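Taking it in order: structure first as structure tokens, then the write-up.
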Amino acid sequence: MITKFEKEVLIRTPEAVKARLHVEVAARLPKKYYPFLDGFRAIALIMILCHHISRAFGLDYIFFGNPAILKWIYLKSYEMWSINLSRFYFGILYVIGQLKGILGVEIFFLISGFLITGILLRKELQEDSVAHFYQRRFFRIYPCYALMVLVSVAVYVLQGHEGIDSAVLTACYHLLFLQNYFPLHPLLSHTWSLVVLEQFYFFCPLIILAVNWTIPVLQTRRKVLIGICLFMMLIAILIRAYYLKTGQPILTWPLKSNIPYWTVTYNLGPICFGCLLALLEPYWSGWKKNKLWGLALWGIGAFIFYQLFFKIDWSYYWGKWYLYDLGYISVGLLFFAAYHGVSLMARLKCFQWLGKHSYGIYIWHFLVVEFWKLWSGIITIELIILGCFTSCIAVGVLSTNTIERYFLSLRNK
């Protein structure tokens, strides 16, 4: 809100100073909610679910196994209409083989960096507000996460894969968000991306607080933070390029990770790019929305994303260093296209609804997939895939409306 003092200053100062004050005041006002961000969350979630289900059930080879229903469709289509579906099947097989869940993770990283930076910039950070930020993050993330960790470890022990002593130690470093520096638990390997974000959430408000302490002018602070984001993005590119070329990490700080790809230093690129978009928001949010600009941005972003997803053979663990960066840059272009009103799926209400429940679905989906593995070979693969998707969504929605809602109500109190 604009204070009484600021209103008086705005009345008594020249036009040039008024304009500058309006920019500074506007930077502290609550920003509008962008519903399409939930749509992007849903797209990222679907990509990750497809990737993990494909790996869990070996869907790369599903068509070679001739599941009953697919074989029936193939024979009937050829018998009744003389349609040969072999090229269609091989096309689907190619798509499944090219699934890249890391692009979905990049979308999550970019959105998280954008939202968290926006929240912190509007808080006028002081020591007490940083503590308040940590408290709110705790109630938002930790209860559901901690329950999932304990349930997953308990399931693994009951299956006879791990002893009690080892399970307690495993649970401890997962509950402390340190698993990207220890061997990941098989039922918790998807939590590496959540840990990257949580470690980033720990340092981000401290950096902004340090800048607030040392620089009194708001606009100068913003420029310094923009410079920090660009510098950290450059550092992330150098770290990744060096590791892909040599196989040796530049940095092992704060601990030596078994898989450096899953550390916060390796994934600063998309997170800092999201932070950069938030820092530039007072400027681009004033642009007049234009469908032509939206179509141009969407065309470029969709073309790059399509090439990365289907045409270019690369992985998170190998390939050209710049492909990972093109991933989050293409997502940024699609983000701006959606801002201008052009989006293929992110503005659909069903996708936005799914995006609102994405955290719960993501947290629990590994356990759900583990449950459906028990039915492999007993029921058809088509029913297993359908069951995986519907169960993941159902469990995630239930988690959102029970555990998350309860602890969010405590947070608000």
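Ordering of the structure tokens sets the chain letters (A, B, ...), residue numbers begin anew at 1 in every chain, and ligands are numbered from 1 in the order given.
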(request) Would you please give, as a PyMOL selection string, all residues of region 178-252 of chain A that DSSP assigns to alpha helix (DSSP H) based on the backbone? (result) chain A and resi 192-214+218-246
(request) Quick one: everything within 10 Å of region 35-50 of chain A, counting only C-alpha atoms, minus sequence neighbours fewer than 4 positions away in the same chain. Send it as a VMD selection string. (result) chain A and resid 54 to 56 59 96 99 to 108 111 to 112 115 190 331 334 to 335 338 to 339 341 343 to 359 361 to 362 365 to 366 369 385 388 to 389 392
(request) Between A:Glu404, A:Glu162, A:Glu198, A:Glu370, single out the one closest to Tyr134 (chain A), counting only C-alpha atoms. (result) A:Glu198
(request) One decimal, Å: what's the distance from CA of Leu410 (chain A) over to CA of Arg136 (chain A), could you say? (result)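 Calculated distance between CA of Leu410 (chain A) and CA of Arg136 (chain A) is 9.8 Å.
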(request) Give me the residues within 8 Å of Arg411 (chain A) as a count of residues only, counting only C-alpha atoms and dropping any in the same chain fewer than 6 places off. (result) 4
(message) Rounded to one decimal, what separation in Å do you get between CA of Ile403 (chain A) and CA of Cys275 (chain A)?
(response)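 Value for the CA of Ile403 (chain A)-CA of Cys275 (chain A) distance: 28.9 Å.
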(request) Tell me, as a list in words, which residues lie within 7 Å of region 278-290 of chain A, counting only C-alpha atoms; anything in the same chain fewer than 6 positions away does not count. (result)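 Listed by chain and then number, they are Ala27, Phe114, Thr117, Gly118, Arg222, Ile226 and His340 of chain A.
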(request) In Å, rounded to a single decimal, give me how far CA of Leu206 (chain A) is from CA of Phe133 (chain A). (result)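 So the two atoms, CA of Phe133 (chain A) and CA of Leu206 (chain A), lie 10.9 Å apart.
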